[in-house]
$ cat data_34.pdb   # PDB, C-alpha atoms, pLDDT in the B column
ATOM      1  CA  MET A  16     -85.935  41.935 -15.798  1.00 66.00           C
ATOM      2  CA  ILE A  17     -89.262  40.603 -17.019  1.00 72.00           C
ATOM      3  CA  VAL A  18     -89.810  36.864 -16.994  1.00 75.00           C
ATOM      4  CA  ILE A  19     -92.591  35.057 -18.833  1.00 79.00           C
ATOM      5  CA  LYS A  20     -94.415  32.968 -16.224  1.00 81.00           C
ATOM      6  CA  PRO A  21     -94.722  29.212 -16.828  1.00 81.00           C
ATOM      7  CA  ASP A  22     -98.533  29.464 -17.090  1.00 84.00           C
ATOM      8  CA  GLU A  23     -98.324  32.420 -19.459  1.00 86.00           C
ATOM      9  CA  ARG A  24     -98.673  31.941 -23.226  1.00 88.00           C
ATOM     10  CA  ILE A  25     -97.146  34.329 -25.754  1.00 88.00           C
ATOM     11  CA  ILE A  26     -99.728  35.295 -28.389  1.00 90.00           C
ATOM     12  CA  ILE A  27     -97.610  37.602 -30.529  1.00 89.00           C
ATOM     13  CA  GLU A  28     -94.129  38.998 -30.451  1.00 88.00           C
ATOM     14  CA  VAL A  29     -93.597  42.067 -32.620  1.00 90.00           C
ATOM     15  CA  ARG A  30     -90.278  43.674 -33.447  1.00 89.00           C
ATOM     16  CA  PRO A  31     -89.820  46.962 -35.323  1.00 91.00           C
ATOM     17  CA  HIS A  32     -90.066  46.864 -39.106  1.00 91.00           C
ATOM     18  CA  TRP A  33     -86.832  45.966 -40.956  1.00 90.00           C
ATOM     19  CA  LEU A  34     -86.784  49.485 -42.406  1.00 89.00           C
ATOM     20  CA  ALA A  35     -85.764  50.689 -38.921  1.00 86.00           C
ATOM     21  CA  ILE A  36     -82.392  48.920 -39.298  1.00 90.00           C
ATOM     22  CA  LEU A  37     -81.995  49.635 -43.026  1.00 92.00           C
ATOM     23  CA  ARG A  38     -80.397  53.079 -42.471  1.00 89.00           C
ATOM     24  CA  ASN A  39     -77.668  51.538 -40.252  1.00 91.00           C
ATOM     25  CA  PHE A  40     -77.217  48.742 -42.783  1.00 94.00           C
ATOM     26  CA  ILE A  41     -76.651  51.218 -45.642  1.00 95.00           C
ATOM     27  CA  ILE A  42     -74.273  53.395 -43.572  1.00 95.00           C
ATOM     28  CA  SER A  43     -72.261  50.319 -42.527  1.00 95.00           C
ATOM     29  CA  GLY A  44     -72.124  49.126 -46.144  1.00 96.00           C
ATOM     30  CA  LEU A  45     -70.769  52.487 -47.291  1.00 97.00           C
ATOM     31  CA  LEU A  46     -68.199  52.522 -44.469  1.00 97.00           C
ATOM     32  CA  VAL A  47     -67.034  49.022 -45.461  1.00 96.00           C
ATOM     33  CA  LEU A  48     -66.563  50.234 -49.048  1.00 97.00           C
ATOM     34  CA  LEU A  49     -64.553  53.295 -47.928  1.00 96.00           C
ATOM     35  CA  PRO A  50     -61.058  51.655 -47.767  1.00 94.00           C
ATOM     36  CA  PHE A  51     -61.612  50.035 -51.174  1.00 94.00           C
ATOM     37  CA  ILE A  52     -62.502  53.448 -52.623  1.00 95.00           C
ATOM     38  CA  ILE A  53     -59.363  54.962 -51.025  1.00 92.00           C
ATOM     39  CA  ILE A  54     -57.162  52.159 -52.435  1.00 89.00           C
ATOM     40  CA  THR A  55     -58.688  52.658 -55.895  1.00 90.00           C
ATOM     41  CA  VAL A  56     -58.088  56.417 -55.702  1.00 91.00           C
ATOM     42  CA  LEU A  57     -54.456  55.828 -54.614  1.00 87.00           C
ATOM     43  CA  TYR A  58     -53.927  53.597 -57.666  1.00 84.00           C
ATOM     44  CA  GLN A  59     -55.469  56.264 -59.883  1.00 85.00           C
ATOM     45  CA  LEU A  60     -53.024  58.803 -58.361  1.00 85.00           C
ATOM     46  CA  SER A  61     -50.087  56.555 -59.319  1.00 80.00           C
ATOM     47  CA  PHE A  62     -49.491  55.286 -55.801  1.00 78.00           C
ATOM     48  CA  PRO A  63     -49.203  51.514 -56.375  1.00 76.00           C
ATOM     49  CA  LEU A  64     -49.372  50.018 -52.896  1.00 76.00           C
ATOM     50  CA  ASP A  65     -48.153  46.557 -53.938  1.00 75.00           C
ATOM     51  CA  GLN A  66     -45.049  47.921 -55.705  1.00 75.00           C
ATOM     52  CA  LEU A  67     -44.209  50.005 -52.637  1.00 72.00           C
ATOM     53  CA  GLY A  68     -44.532  46.922 -50.417  1.00 74.00           C
ATOM     54  CA  LEU A  69     -47.550  48.376 -48.632  1.00 82.00           C
ATOM     55  CA  ALA A  70     -50.132  45.814 -49.757  1.00 85.00           C
ATOM     56  CA  PRO A  71     -50.015  43.768 -46.478  1.00 88.00           C
ATOM     57  CA  LEU A  72     -50.402  47.007 -44.502  1.00 89.00           C
ATOM     58  CA  ALA A  73     -53.403  47.982 -46.653  1.00 91.00           C
ATOM     59  CA  VAL A  74     -54.966  44.545 -46.062  1.00 92.00           C
ATOM     60  CA  PHE A  75     -54.279  44.814 -42.318  1.00 93.00           C
ATOM     61  CA  LEU A  76     -55.808  48.293 -41.993  1.00 94.00           C
ATOM     62  CA  THR A  77     -58.765  47.406 -44.237  1.00 95.00           C
ATOM     63  CA  GLY A  78     -59.462  44.266 -42.185  1.00 96.00           C
ATOM     64  CA  ALA A  79     -59.224  46.220 -38.926  1.00 96.00           C
ATOM     65  CA  TRP A  80     -61.543  48.933 -40.282  1.00 96.00           C
ATOM     66  CA  ILE A  81     -64.147  46.396 -41.481  1.00 97.00           C
ATOM     67  CA  LEU A  82     -64.026  44.640 -38.091  1.00 96.00           C
ATOM     68  CA  VAL A  83     -64.712  47.942 -36.278  1.00 96.00           C
ATOM     69  CA  VAL A  84     -67.638  48.725 -38.641  1.00 97.00           C
ATOM     70  CA  TRP A  85     -68.899  45.149 -38.181  1.00 96.00           C
ATOM     71  CA  ILE A  86     -68.837  45.514 -34.377  1.00 95.00           C
ATOM     72  CA  PHE A  87     -70.697  48.844 -34.493  1.00 94.00           C
ATOM     73  CA  PHE A  88     -73.281  47.442 -36.914  1.00 94.00           C
ATOM     74  CA  TYR A  89     -74.005  44.660 -34.423  1.00 92.00           C
ATOM     75  CA  ILE A  90     -74.393  47.176 -31.609  1.00 93.00           C
ATOM     76  CA  ALA A  91     -77.042  48.909 -33.788  1.00 92.00           C
ATOM     77  CA  TRP A  92     -78.629  45.549 -34.633  1.00 90.00           C
ATOM     78  CA  THR A  93     -78.815  44.595 -30.944  1.00 89.00           C
ATOM     79  CA  ASP A  94     -80.497  47.919 -30.215  1.00 90.00           C
ATOM     80  CA  TYR A  95     -83.044  47.101 -32.956  1.00 90.00           C
ATOM     81  CA  TYR A  96     -83.443  43.426 -32.039  1.00 87.00           C
ATOM     82  CA  LEU A  97     -84.132  44.000 -28.350  1.00 88.00           C
ATOM     83  CA  ASP A  98     -86.995  46.426 -29.044  1.00 89.00           C
ATOM     84  CA  VAL A  99     -89.999  44.178 -28.774  1.00 88.00           C
ATOM     85  CA  LEU A 100     -93.702  44.222 -28.033  1.00 89.00           C
ATOM     86  CA  ILE A 101     -94.968  41.001 -26.492  1.00 90.00           C
ATOM     87  CA  LEU A 102     -98.631  40.192 -26.062  1.00 91.00           C
ATOM     88  CA  THR A 103     -99.260  37.279 -23.755  1.00 91.00           C
ATOM     89  CA  ASP A 104    -102.621  35.903 -22.680  1.00 89.00           C
ATOM     90  CA  GLN A 105    -102.334  38.029 -19.487  1.00 88.00           C
ATOM     91  CA  ARG A 106    -100.388  41.199 -20.256  1.00 89.00           C
ATOM     92  CA  LEU A 107     -98.712  43.421 -22.770  1.00 89.00           C
ATOM     93  CA  ILE A 108     -94.979  44.022 -22.442  1.00 90.00           C
ATOM     94  CA  ASP A 109     -93.176  46.749 -24.355  1.00 88.00           C
ATOM     95  CA  ILE A 110     -89.384  46.729 -24.222  1.00 88.00           C
ATOM     96  CA  GLU A 111     -87.516  49.640 -25.722  1.00 87.00           C
ATOM     97  CA  GLN A 112     -83.756  49.302 -25.891  1.00 87.00           C
ATOM     98  CA  LYS A 113     -82.022  52.702 -25.979  1.00 88.00           C
ATOM     99  CA  GLY A 114     -78.420  51.967 -26.860  1.00 84.00           C
ATOM    100  CA  LEU A 115     -76.493  49.305 -24.969  1.00 84.00           C
ATOM    101  CA  PHE A 116     -76.876  50.673 -21.475  1.00 88.00           C
ATOM    102  CA  ALA A 117     -80.412  52.025 -21.289  1.00 89.00           C
ATOM    103  CA  ARG A 118     -83.742  50.291 -21.684  1.00 88.00           C
ATOM    104  CA  GLU A 119     -87.340  50.984 -20.856  1.00 88.00           C
ATOM    105  CA  VAL A 120     -89.693  48.151 -19.976  1.00 87.00           C
ATOM    106  CA  SER A 121     -93.422  48.873 -19.702  1.00 86.00           C
ATOM    107  CA  GLU A 122     -95.962  46.313 -18.664  1.00 87.00           C
ATOM    108  CA  LEU A 123     -99.709  46.519 -18.812  1.00 87.00           C
ATOM    109  CA  ARG A 124    -102.479  44.134 -17.822  1.00 88.00           C
ATOM    110  CA  ILE A 125    -104.772  43.566 -20.772  1.00 88.00           C
ATOM    111  CA  GLU A 126    -107.902  44.311 -18.692  1.00 87.00           C
ATOM    112  CA  ASN A 127    -106.585  47.865 -18.200  1.00 86.00           C
ATOM    113  CA  ILE A 128    -106.494  48.716 -21.906  1.00 87.00           C
ATOM    114  CA  GLN A 129    -108.950  51.436 -22.830  1.00 86.00           C
ATOM    115  CA  ASP A 130    -108.103  52.451 -26.323  1.00 88.00           C
ATOM    116  CA  VAL A 131    -105.782  51.276 -29.102  1.00 91.00           C
ATOM    117  CA  THR A 132    -104.868  53.679 -31.903  1.00 92.00           C
ATOM    118  CA  VAL A 133    -102.963  52.924 -35.086  1.00 95.00           C
ATOM    119  CA  GLU A 134    -100.917  55.647 -36.799  1.00 94.00           C
ATOM    120  CA  VAL A 135     -99.709  55.037 -40.332  1.00 94.00           C
ATOM    121  CA  SER A 136     -98.464  58.222 -41.955  1.00 91.00           C
ATOM    122  CA  GLY A 137     -96.149  58.591 -44.917  1.00 91.00           C
ATOM    123  CA  PHE A 138     -95.623  57.009 -48.321  1.00 93.00           C
ATOM    124  CA  LEU A 139     -93.271  54.209 -47.248  1.00 89.00           C
ATOM    125  CA  GLU A 140     -95.312  53.454 -44.129  1.00 90.00           C
ATOM    126  CA  THR A 141     -98.470  53.031 -46.220  1.00 93.00           C
ATOM    127  CA  LEU A 142     -96.735  51.042 -48.954  1.00 93.00           C
ATOM    128  CA  LEU A 143     -94.914  48.662 -46.600  1.00 92.00           C
ATOM    129  CA  ASP A 144     -97.669  48.615 -43.966  1.00 93.00           C
ATOM    130  CA  PHE A 145     -95.907  49.716 -40.817  1.00 93.00           C
ATOM    131  CA  GLY A 146     -96.568  52.411 -38.238  1.00 93.00           C
ATOM    132  CA  ASN A 147     -97.085  53.241 -34.586  1.00 93.00           C
ATOM    133  CA  VAL A 148     -99.571  51.782 -32.146  1.00 92.00           C
ATOM    134  CA  ARG A 149    -100.758  53.873 -29.186  1.00 91.00           C
ATOM    135  CA  ILE A 150    -102.315  52.029 -26.284  1.00 90.00           C
ATOM    136  CA  GLN A 151    -104.201  54.093 -23.722  1.00 87.00           C
ATOM    137  CA  THR A 152    -104.556  52.588 -20.273  1.00 82.00           C
ATOM    138  CA  ALA A 153    -107.190  53.113 -17.593  1.00 75.00           C
ATOM    139  CA  ALA A 154    -104.854  55.514 -15.826  1.00 69.00           C
ATOM    140  CA  SER A 155    -105.559  58.663 -17.835  1.00 62.00           C
ATOM    141  CA  ASP A 156    -101.981  59.862 -18.082  1.00 63.00           C
ATOM    142  CA  GLN A 157    -100.396  56.546 -19.021  1.00 69.00           C
ATOM    143  CA  GLU A 158     -99.903  55.679 -22.662  1.00 78.00           C
ATOM    144  CA  PHE A 159     -97.928  53.028 -24.510  1.00 82.00           C
ATOM    145  CA  LEU A 160     -96.348  54.053 -27.770  1.00 85.00           C
ATOM    146  CA  VAL A 161     -94.917  51.262 -29.866  1.00 86.00           C
ATOM    147  CA  ARG A 162     -93.026  52.614 -32.866  1.00 87.00           C
ATOM    148  CA  THR A 163     -92.528  51.351 -36.431  1.00 89.00           C
ATOM    149  CA  ILE A 164     -94.092  47.939 -36.080  1.00 92.00           C
ATOM    150  CA  PRO A 165     -95.172  45.943 -39.139  1.00 94.00           C
ATOM    151  CA  HIS A 166     -98.901  45.404 -39.755  1.00 94.00           C
ATOM    152  CA  PRO A 167    -100.091  47.719 -36.944  1.00 94.00           C
ATOM    153  CA  SER A 168    -103.803  47.193 -37.718  1.00 94.00           C
ATOM    154  CA  LYS A 169    -103.420  43.444 -37.378  1.00 94.00           C
ATOM    155  CA  VAL A 170    -101.586  43.931 -34.058  1.00 93.00           C
ATOM    156  CA  LYS A 171    -104.395  46.236 -32.850  1.00 93.00           C
ATOM    157  CA  ASP A 172    -107.023  43.613 -33.783  1.00 93.00           C
ATOM    158  CA  ILE A 173    -105.150  40.876 -31.923  1.00 93.00           C
ATOM    159  CA  ILE A 174    -104.794  43.062 -28.804  1.00 92.00           C
ATOM    160  CA  LEU A 175    -108.470  44.013 -28.853  1.00 92.00           C
ATOM    161  CA  SER A 176    -109.645  40.452 -29.447  1.00 92.00           C
ATOM    162  CA  ARG A 177    -107.598  39.322 -26.431  1.00 90.00           C
ATOM    163  CA  TYR A 178    -109.144  42.190 -24.419  1.00 89.00           C
ATOM    164  CA  ASP A 179    -112.634  41.044 -25.501  1.00 89.00           C
ATOM    165  CA  THR A 180    -111.880  37.450 -24.481  1.00 88.00           C
ATOM    166  CA  LEU A 181    -110.733  38.525 -20.998  1.00 84.00           C
ATOM    167  CA  ASN A 182    -113.628  40.925 -20.434  1.00 79.00           C
ATOM    168  CA  LYS A 183    -116.448  38.612 -21.510  1.00 75.00           C
TER     169      LYS A 183
ATOM    170  CA  MET B  18     -42.491  59.517 -52.254  1.00 54.00           C
ATOM    171  CA  LEU B  19     -44.014  59.176 -48.814  1.00 59.00           C
ATOM    172  CA  ASP B  20     -41.873  56.984 -46.556  1.00 64.00           C
ATOM    173  CA  LEU B  21     -44.135  55.110 -44.183  1.00 66.00           C
ATOM    174  CA  SER B  22     -41.527  52.620 -42.980  1.00 67.00           C
ATOM    175  CA  LYS B  23     -40.499  54.695 -39.953  1.00 72.00           C
ATOM    176  CA  TYR B  24     -44.119  54.734 -38.720  1.00 76.00           C
ATOM    177  CA  ILE B  25     -44.907  51.080 -39.452  1.00 80.00           C
ATOM    178  CA  THR B  26     -42.986  49.303 -36.745  1.00 85.00           C
ATOM    179  CA  PRO B  27     -43.894  45.973 -35.134  1.00 86.00           C
ATOM    180  CA  THR B  28     -44.851  47.966 -32.016  1.00 90.00           C
ATOM    181  CA  THR B  29     -47.385  50.043 -33.998  1.00 89.00           C
ATOM    182  CA  ILE B  30     -48.942  46.981 -35.584  1.00 91.00           C
ATOM    183  CA  LEU B  31     -49.086  45.110 -32.263  1.00 93.00           C
ATOM    184  CA  SER B  32     -50.619  48.155 -30.556  1.00 93.00           C
ATOM    185  CA  ILE B  33     -53.379  48.371 -33.207  1.00 93.00           C
ATOM    186  CA  LEU B  34     -53.911  44.615 -32.917  1.00 94.00           C
ATOM    187  CA  GLY B  35     -54.097  44.799 -29.107  1.00 95.00           C
ATOM    188  CA  GLY B  36     -56.528  47.717 -29.148  1.00 95.00           C
ATOM    189  CA  LEU B  37     -58.715  45.952 -31.692  1.00 96.00           C
ATOM    190  CA  ALA B  38     -58.679  42.710 -29.685  1.00 96.00           C
ATOM    191  CA  LEU B  39     -59.629  44.602 -26.515  1.00 97.00           C
ATOM    192  CA  LEU B  40     -62.499  46.397 -28.285  1.00 96.00           C
ATOM    193  CA  PHE B  41     -63.708  43.141 -29.834  1.00 96.00           C
ATOM    194  CA  VAL B  42     -63.625  41.157 -26.595  1.00 96.00           C
ATOM    195  CA  ILE B  43     -65.370  43.856 -24.534  1.00 96.00           C
ATOM    196  CA  VAL B  44     -68.103  44.593 -27.111  1.00 94.00           C
ATOM    197  CA  THR B  45     -68.695  40.890 -27.857  1.00 94.00           C
ATOM    198  CA  TRP B  46     -69.017  40.153 -24.157  1.00 94.00           C
ATOM    199  CA  ILE B  47     -71.549  43.006 -23.761  1.00 93.00           C
ATOM    200  CA  LEU B  48     -73.489  41.812 -26.837  1.00 91.00           C
ATOM    201  CA  ILE B  49     -73.631  38.187 -25.629  1.00 89.00           C
ATOM    202  CA  TYR B  50     -74.770  39.414 -22.217  1.00 88.00           C
ATOM    203  CA  HIS B  51     -77.575  41.432 -23.840  1.00 87.00           C
ATOM    204  CA  TRP B  52     -78.609  38.635 -26.219  1.00 84.00           C
ATOM    205  CA  SER B  53     -78.900  36.137 -23.390  1.00 82.00           C
ATOM    206  CA  LYS B  54     -80.294  38.350 -20.634  1.00 79.00           C
ATOM    207  CA  TYR B  55     -82.656  40.753 -22.385  1.00 77.00           C
ATOM    208  CA  ASN B  56     -84.097  38.603 -25.153  1.00 73.00           C
ATOM    209  CA  ILE B  57     -86.918  37.305 -22.988  1.00 68.00           C
ATOM    210  CA  THR B  58     -88.588  35.047 -25.531  1.00 65.00           C
ATOM    211  CA  LYS B  59     -85.245  33.621 -26.757  1.00 63.00           C
ATOM    212  CA  LYS B  60     -86.821  32.584 -30.040  1.00 63.00           C
ATOM    213  CA  LYS B  61     -85.160  34.340 -32.956  1.00 62.00           C
ATOM    214  CA  GLY B  62     -81.874  35.746 -34.103  1.00 65.00           C
ATOM    215  CA  GLY B  63     -79.742  32.582 -33.790  1.00 78.00           C
ATOM    216  CA  ARG B  64     -78.632  32.727 -37.398  1.00 83.00           C
ATOM    217  CA  ILE B  65     -77.703  36.415 -37.204  1.00 82.00           C
ATOM    218  CA  LYS B  66     -75.649  35.797 -34.070  1.00 84.00           C
ATOM    219  CA  ALA B  67     -73.873  32.898 -35.822  1.00 89.00           C
ATOM    220  CA  ILE B  68     -73.072  35.200 -38.765  1.00 92.00           C
ATOM    221  CA  TYR B  69     -71.490  37.673 -36.306  1.00 92.00           C
ATOM    222  CA  PHE B  70     -69.025  35.062 -35.040  1.00 93.00           C
ATOM    223  CA  PHE B  71     -68.369  33.557 -38.459  1.00 95.00           C
ATOM    224  CA  VAL B  72     -67.573  36.896 -40.152  1.00 95.00           C
ATOM    225  CA  SER B  73     -65.593  38.096 -37.122  1.00 96.00           C
ATOM    226  CA  ALA B  74     -63.470  34.922 -37.206  1.00 96.00           C
ATOM    227  CA  PHE B  75     -62.863  35.384 -40.942  1.00 96.00           C
ATOM    228  CA  LEU B  76     -61.823  39.018 -40.424  1.00 96.00           C
ATOM    229  CA  TRP B  77     -59.526  38.067 -37.539  1.00 97.00           C
ATOM    230  CA  ILE B  78     -57.759  35.490 -39.727  1.00 97.00           C
ATOM    231  CA  ILE B  79     -57.146  38.141 -42.429  1.00 96.00           C
ATOM    232  CA  ILE B  80     -56.032  40.732 -39.859  1.00 96.00           C
ATOM    233  CA  ILE B  81     -53.598  38.402 -38.065  1.00 95.00           C
ATOM    234  CA  LEU B  82     -52.099  36.978 -41.281  1.00 95.00           C
ATOM    235  CA  SER B  83     -51.574  40.437 -42.763  1.00 94.00           C
ATOM    236  CA  ALA B  84     -50.143  41.684 -39.439  1.00 93.00           C
ATOM    237  CA  PHE B  85     -47.570  38.857 -39.555  1.00 92.00           C
ATOM    238  CA  GLN B  86     -46.679  39.839 -43.115  1.00 90.00           C
ATOM    239  CA  VAL B  87     -46.240  43.514 -42.172  1.00 88.00           C
ATOM    240  CA  ILE B  88     -44.137  42.649 -39.110  1.00 88.00           C
ATOM    241  CA  SER B  89     -41.919  40.195 -41.016  1.00 87.00           C
ATOM    242  CA  LYS B  90     -41.243  42.833 -43.696  1.00 78.00           C
ATOM    243  CA  ASN B  91     -40.132  45.346 -41.072  1.00 68.00           C
TER     244      ASN B  91
END

$ encode --input "data_34.pdb" --output "structure tokens"
Amino acid sequence: MIVIKPDERIIIEVRPHWLAILRNFIISGLLVLLPFIIITVLYQLSFPLDQLGLAPLAVFLTGAWILVVWIFFYIAWTDYYLDVLILTDQRLIDIEQKGLFAREVSELRIENIQDVTVEVSGFLETLLDFGNVRIQTAASDQEFLVRTIPHPSKVKDIILSRYDTLNK
Amino acid sequence: MLDLSKYITPTTILSILGGLALLFVIVTWILIYHWSKYNITKKKGGRIKAIYFFVSAFLWIIIILSAFQVISKN
């Protein structure tokens, strides 16, 4: 577990772009609508739930279904929310949450940065200004890849300006 | 017409309710653990976490009230 030291100042904290969670949001929305679609279809097929005394059961099952979808949406949101790139005045920390029970934490001293590359490819990425940032370290085989962050060029400039300040 | 009454017994409803409660408690506990332990800057997300509990509470009220209605009818 990484702890920010008392003498350490956070310069920026970047989370993935909201588009990264949008797919889960749409899927969850459609799953929430599913029981309402089924109930509507049953009515269309002359299966009136309220006249058959099944309305409370329909409400119970719909509520239970929405709660399950709600829980799974929050698992996806937590996965998204805990992915974070933190630039402090001393180091760069990249935390990648992979589901609920796996996470990768990479840490790099700013003096060891050699090269920062921004990758923005695709229509949506260009339009909404998000992409990947690759950070090459002094160790030739080590590379940081931070995915789908908003304003990657701005993030690159901030990282490099901090590097310049420390290496003056 | 389909007769569901033999399947919808108080035991069935209580089993679904128990399973749901177990899932909710375990997942919520894991989520709270993650939110408090792994969010190292502890700056954002307070409102979204509050929405989770608010909506969950609302859904639980609907689920429990409708479960009572189903059980009392059977």

$ atom_distance --input "data_34.pdb" --atom1 "atom CA of Ile30 of chain B" --atom2 "atom CA of Ala84 of chain B"
6.7 Å

$ atom_distance --input "data_34.pdb" --atom1 "atom CA of Ile125 of chain A" --atom2 "atom CA of Ile173 of chain A"
11.5 Å

$ closest_atom_pairs --input "data_34.pdb" --of "chain A" --to "chain B" --cutoff "9 Å" --atoms "only C-alpha atoms" --output "tab-separated table"
residue	atom	partner	partner_atom	distance
A:Met16	CA	B:Tyr55	CA	7.5
A:Ile17	CA	B:Ile57	CA	7.2
A:Val18	CA	B:Ile57	CA	6.7
A:Ile19	CA	B:Ile57	CA	7.4
A:Ile25	CA	B:Thr58	CA	8.6
A:Glu28	CA	B:Thr58	CA	8.4
A:Phe62	CA	B:Met18	CA	8.9
A:Gly68	CA	B:Lys90	CA	8.5
A:Leu69	CA	B:Val87	CA	8.2
A:Ala70	CA	B:Val87	CA	8.8
A:Pro71	CA	B:Ser83	CA	5.2
A:Leu72	CA	B:Val87	CA	5.9
A:Ala73	CA	B:Ser83	CA	8.7
A:Val74	CA	B:Ser83	CA	6.3
A:Phe75	CA	B:Ile80	CA	5.1
A:Leu76	CA	B:Ile80	CA	7.9
A:Thr77	CA	B:Ile80	CA	8.4
A:Gly78	CA	B:Ile80	CA	5.4
A:Ala79	CA	B:Ile80	CA	6.4
A:Ile81	CA	B:Leu76	CA	7.8
A:Leu82	CA	B:Leu76	CA	6.5
A:Val83	CA	B:Leu37	CA	7.8
A:Trp85	CA	B:Ser73	CA	7.9
A:Ile86	CA	B:Phe41	CA	7.3
A:Phe87	CA	B:Val44	CA	8.9
A:Tyr89	CA	B:Tyr69	CA	7.7
A:Ile90	CA	B:Leu48	CA	7.2
A:Thr93	CA	B:Leu48	CA	7.3
A:Tyr96	CA	B:Gly62	CA	8.1
A:Leu97	CA	B:Asn56	CA	6.3
A:Val99	CA	B:Asn56	CA	8.9
A:Ile101	CA	B:Thr58	CA	8.8
A:Leu115	CA	B:His51	CA	8.0

$ resolve_selection --input "data_34.pdb" --expression "the PyMOL selection byres ((chain A and resi 105) around 10)" --output "VMD selection string"
chain A and resid 20 22 to 26 102 to 104 106 to 108 123 to 126 177 to 178 181

$ closest_residue --input "data_34.pdb" --among "A:Val47, A:Leu60, A:Ala35, A:Ile150" --to "Trp80 of chain A" --atoms "only C-alpha atoms"
A:Val47

$ atom_distance --input "data_34.pdb" --atom1 "atom CA of Pro165 of chain A" --atom2 "atom CA of Phe88 of chain A"
22.1 Å

$ resolve_selection --input "data_34.pdb" --expression "the PyMOL selection byres ((chain A and resi 164) around 8)" --output "mmCIF file with C-alpha atoms, in the frame of the given file"
data_model
loop_
_atom_site.group_PDB
_atom_site.id
_atom_site.type_symbol
_atom_site.label_atom_id
_atom_site.label_comp_id
_atom_site.auth_asym_id
_atom_site.auth_seq_id
_atom_site.Cartn_x
_atom_site.Cartn_y
_atom_site.Cartn_z
ATOM 1 C CA VAL A 29 -93.597 42.067 -32.620
ATOM 2 C CA ARG A 30 -90.278 43.674 -33.447
ATOM 3 C CA PRO A 31 -89.820 46.962 -35.323
ATOM 4 C CA HIS A 32 -90.066 46.864 -39.106
ATOM 5 C CA PHE A 145 -95.907 49.716 -40.817
ATOM 6 C CA GLY A 146 -96.568 52.411 -38.238
ATOM 7 C CA ASN A 147 -97.085 53.241 -34.586
ATOM 8 C CA VAL A 148 -99.571 51.782 -32.146
ATOM 9 C CA VAL A 161 -94.917 51.262 -29.866
ATOM 10 C CA ARG A 162 -93.026 52.614 -32.866
ATOM 11 C CA THR A 163 -92.528 51.351 -36.431
ATOM 12 C CA PRO A 165 -95.172 45.943 -39.139
ATOM 13 C CA HIS A 166 -98.901 45.404 -39.755
ATOM 14 C CA PRO A 167 -100.091 47.719 -36.944
#

$ residues_around --input "data_34.pdb" --residues "Val120 of chain A" --least-positions-apart "2" --cutoff "7 Å" --atoms "only C-alpha atoms" --output "ChimeraX atom specification"
/A:109-111,118,122
